[in-house]
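Q: Structure file start-v3.txt (compact mmCIF, C-alpha atoms) right here:
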```txt
# COMPACT_ATOMS: atom_id res chain seq x y z
CA MET A 1 122.46 83.87 150.82
CA SER A 2 118.94 85.23 151.42
CA THR A 3 115.89 83.16 150.58
CA LEU A 4 114.88 85.63 147.86
CA SER A 5 118.05 85.12 145.87
CA LYS A 6 118.18 81.33 146.13
CA PRO A 7 117.14 79.38 143.06
CA VAL A 8 113.71 77.82 143.48
CA ILE A 9 113.54 74.13 142.65
CA GLY A 10 110.84 73.22 140.15
CA ARG A 11 109.05 75.56 137.77
CA PHE A 12 110.92 78.76 138.61
CA PHE A 13 114.59 79.54 138.96
CA LEU A 14 114.34 83.15 140.15
CA LEU A 15 112.05 84.78 142.67
CA LEU A 16 112.52 88.48 143.25
CA LEU A 17 110.02 90.99 144.60
CA GLY A 18 107.08 88.65 144.00
CA ILE A 19 107.79 88.19 140.30
CA ALA A 20 108.91 84.79 139.09
CA LEU A 21 110.76 84.05 135.88
CA SER A 22 110.46 80.52 134.54
CA ALA A 23 113.26 78.56 132.94
CA SER A 24 111.61 79.24 129.57
CA GLY A 25 111.85 83.00 130.16
CA GLN A 26 108.15 83.59 130.84
CA THR A 27 107.20 85.96 133.65
CA PHE A 28 104.67 85.09 136.35
CA VAL A 29 103.14 87.44 138.93
CA PRO A 30 101.30 86.50 142.12
CA CYS A 31 97.52 86.56 141.79
CA GLY A 32 95.41 85.29 144.66
CA ILE A 33 96.48 81.73 145.43
CA LYS A 34 98.30 81.15 142.12
CA SER A 35 100.53 82.95 139.64
CA CYS A 36 99.53 84.44 136.29
CA ASN A 37 101.65 84.15 133.17
CA THR A 38 101.98 87.80 132.11
CA LYS A 39 102.20 86.88 128.43
CA TYR A 40 98.75 85.29 128.32
CA GLU A 41 96.91 86.34 131.50
CA ASN A 42 95.87 89.37 133.53
CA CYS A 43 95.27 89.26 137.27
CA ASN A 44 91.80 90.57 138.11
CA ASN A 45 90.83 90.62 141.80
CA GLY A 46 92.94 87.56 142.59
CA ILE A 47 91.84 85.58 139.54
CA CYS A 48 93.97 84.95 136.44
CA GLU A 49 91.97 85.77 133.32
CA CYS A 50 92.96 85.13 129.72
CA LYS A 51 94.07 88.17 127.78
CA LEU A 52 92.00 89.12 124.75
CA GLY A 53 92.65 86.70 121.90
CA TYR A 54 93.84 83.84 124.13
CA GLY A 55 91.98 80.85 125.59
CA GLY A 56 92.43 77.33 126.86
CA SER A 57 93.11 76.04 130.37
CA ASN A 58 96.46 77.88 130.54
CA CYS A 59 95.35 80.80 128.35
CA ASP A 60 98.16 79.97 125.94
CA LYS A 61 95.98 79.05 122.95
CA ASP A 62 95.70 81.68 120.21
CA LEU A 63 91.96 81.81 119.56
CA ASN A 64 90.74 81.99 115.99
CA GLU A 65 88.22 84.81 116.25
CA CYS A 66 86.75 83.82 112.89
CA VAL A 67 85.84 80.37 114.23
CA ASP A 68 86.16 80.19 118.03
CA LEU A 69 84.66 83.53 119.08
CA ASP A 70 82.57 84.91 116.25
CA PRO A 71 81.76 82.40 113.51
CA ASN A 72 79.48 85.04 111.95
CA ALA A 73 82.28 87.61 111.63
CA CYS A 74 82.38 88.95 108.10
CA SER A 75 79.45 86.75 107.06
CA PHE A 76 77.99 89.37 104.72
CA PRO A 77 77.66 88.35 101.03
CA GLY A 78 81.10 88.15 99.43
CA GLY A 79 82.86 88.61 102.78
CA TYR A 80 85.52 86.48 104.41
CA CYS A 81 87.35 86.57 107.74
CA VAL A 82 91.12 86.54 108.36
CA ASN A 83 92.40 85.61 111.83
CA HIS A 84 95.38 87.60 113.16
CA SER A 85 97.68 87.18 116.14
CA PRO A 86 96.17 88.05 119.53
CA SER A 87 97.97 91.38 119.70
CA GLY A 88 96.41 94.30 117.89
CA ASN A 89 93.47 93.81 115.55
CA ARG A 90 92.48 90.19 116.16
CA TYR A 91 90.71 89.66 112.85
CA SER A 92 89.87 91.53 109.70
CA CYS A 93 87.21 91.23 107.03
CA GLY A 94 87.72 91.31 103.32
CA CYS A 95 85.77 90.94 100.11
CA ASP A 96 86.34 88.09 97.71
CA THR A 97 87.62 90.05 94.73
CA ARG A 98 88.85 87.02 92.83
CA MET A 99 87.61 87.02 89.25
CA GLY A 100 86.08 90.49 89.78
CA ARG A 101 82.88 89.23 91.41
CA TRP A 102 82.85 91.48 94.49
CA ARG A 103 84.36 94.81 95.49
CA VAL A 104 84.67 96.47 98.88
CA GLY A 105 81.57 98.39 99.87
CA ASN A 106 81.46 101.89 101.38
CA GLU A 107 80.78 100.76 104.97
CA THR A 108 83.70 99.80 107.22
CA ASP A 109 84.53 99.34 110.90
CA GLU A 110 87.71 98.53 112.86
CA HIS A 111 87.82 95.10 111.16
CA GLY A 112 87.62 96.39 107.59
CA PRO A 113 84.67 96.34 105.21
CA THR A 114 81.24 95.49 106.56
CA THR A 115 79.74 95.15 103.09
CA CYS A 116 80.85 93.92 99.72
CA GLU A 117 79.26 95.10 96.52
CA ASP A 118 78.48 92.77 93.67
CA VAL A 119 80.28 93.52 90.42
CA ASN A 120 77.77 93.43 87.58
CA GLU A 121 79.57 91.53 84.85
CA CYS A 122 76.84 92.43 82.34
CA PHE A 123 78.06 96.02 82.19
CA GLY A 124 81.48 96.95 81.01
CA ARG A 125 83.84 96.43 78.16
CA GLN A 126 83.22 92.73 77.70
CA THR A 127 80.13 90.86 78.86
CA PRO A 128 80.33 87.13 79.50
CA CYS A 129 77.32 86.49 77.26
CA HIS A 130 76.98 85.83 73.54
CA ASP A 131 75.89 88.84 71.46
CA LEU A 132 72.41 87.39 70.89
CA ALA A 133 71.91 86.38 74.54
CA THR A 134 70.47 88.45 77.36
CA CYS A 135 72.93 88.93 80.22
CA GLU A 136 71.49 88.73 83.75
CA ASN A 137 73.73 89.42 86.69
CA THR A 138 73.46 87.28 89.80
CA PRO A 139 75.22 88.44 93.01
CA GLY A 140 78.65 86.91 93.42
CA SER A 141 78.71 85.31 89.99
```
Could I get this structure in the form of structure tokens?

A:
Amino acid sequence: MSTLSKPVIGRFFLLLLGIALSASGQTFVPCGIKSCNTKYENCNNGICECKLGYGGSNCDKDLNECVDLDPNACSFPGGYCVNHSPSGNRYSCGCDTRMGRWRVGNETDEHGPTTCEDVNECFGRQTPCHDLATCENTPGS
């Protein structure tokens, strides 16, 4: 039996052509003096670097872009941030449309709306004020 086809004792059970497969099914590739987990890391000039959306000492932590990377994401009035999985669009923005206080504005980017527009409750079929009162809209109310 050749040394390449022998099971490796410890972390890996298969070593073939420089690619190692762990007992948990994760794939590792040589990178400098260590191996990178291909699910979470890229090898860049001999250094394992976390893939976009991952962090931590082993790059296996799903980062919350709304908190960990960009706490100001979607921080426009009426806006909120939704974290997604590391693959694809990592976060998206939305407008708090509950109770009809905000609506999506006309400006968007790859994360969704970049503005929310206030809904003026004083105009429309039914105002929230008494007939003898003066209705004044305040943003987000």

Q: Which residues, written as a list in words, have at least one atom at most 10 Å from Cys116 of chain A, with all atoms listed in the file counted and residues fewer than 4 positions away on the same chain left out?

A: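 Surrounding residues, per the criterion: Cys74, Phe76, Pro77, Gly78, Gly79, Tyr80, Gly94, Cys95, Asp96, Thr97, Arg101, Trp102, Arg103, Val104, Gly105, Asn106, Glu107, Thr108 and Gly140 of chain A.
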
Q: Calculated over only C-alpha atoms, which of the candidates A:Thr115, A:Ser57, A:Asn37, A:Asn64 has the smallest distance to Arg90 of chain A?

A: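 Checking each candidate against Arg90 of chain A, we get A:Asn64 as the closest.
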
Q: Rounded to one decimal in Å, what is the spacing between atom CA of Ala73 of chain A and atom CA of Leu52 of chain A?

A: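 Atom CA of Ala73 of chain A sits 16.4 Å away from atom CA of Leu52 of chain A.
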
Q: From the options A:Cys122, A:Val29, A:Cys129, A:Cys66, which residue's atoms come nearest to Cys48 of chain A, counting all atoms listed in the file?

A: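 The closest residue to Cys48 of chain A is A:Val29.
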
Q: Find the residue from A:Thr38, A:Thr27, A:Thr138, A:Ser85 that sits nearest to Lys61 of chain A; use only C-alpha atoms when measuring.

A: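 Using only C-alpha atoms, Lys61 of chain A sits closest to A:Ser85.
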
Q: Please write as JSON, numbers by chain the list of polymer residues whose atoms come within 12 Å of (98.4, 82.7, 145.0), counting all atoms listed in the file and keeping to the coordinates of the file.

A: {"A": [18, 19, 28, 29, 30, 31, 32, 33, 34, 35, 36, 43, 45, 46, 47, 48]}

Q: Expressed in Å to a single decimal, how great is the separation between atom CA of Asn83 of chain A and atom CA of Asn58 of chain A?

A: 20.6 Å

Q: From the set A:Leu69, A:Glu136, A:Glu110, A:His84, which residue has the shortest atom-to-atom contact distance to Gly55 of chain A, counting all atoms listed in the file?

A: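 Comparing A:Leu69, A:Glu136, A:Glu110, A:His84 against Gly55 of chain A, the winner is A:Leu69.
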
Q: Step by step, gather every atom of segment 49-58 of chain A that the file lists, find the box along x, y and z that holds them, add 3 Å on each side, and finally give centre and edge lengths in Å to one decimal, as AutoDock Vina command-line options.

A:
```
--center_x 94.2 --center_y 82.6 --center_z 127.6 --size_x 10.5 --size_y 19.1 --size_z 17.4
```

Q: Pick out the closest residue to Val82 of chain A from this set: A:Glu117, A:Asp70, A:Glu65, A:Asp131. Count only C-alpha atoms.

A: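 Looking only at the distances to Val82 of chain A, the closest residue turns out to be A:Glu65.
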
Q: So how far away is atom CA of Leu63 of chain A from atom CA of His111 of chain A, in Å?

A: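 Interatomic distance here is 16.3 Å.
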
Q: Pick out the closest residue to Thr114 of chain A from this set: A:Cys81, A:Glu41, A:Pro86, A:Thr134. Count all atoms listed in the file.

A: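 Among the listed residues, the smallest separation from Thr114 of chain A belongs to A:Cys81.
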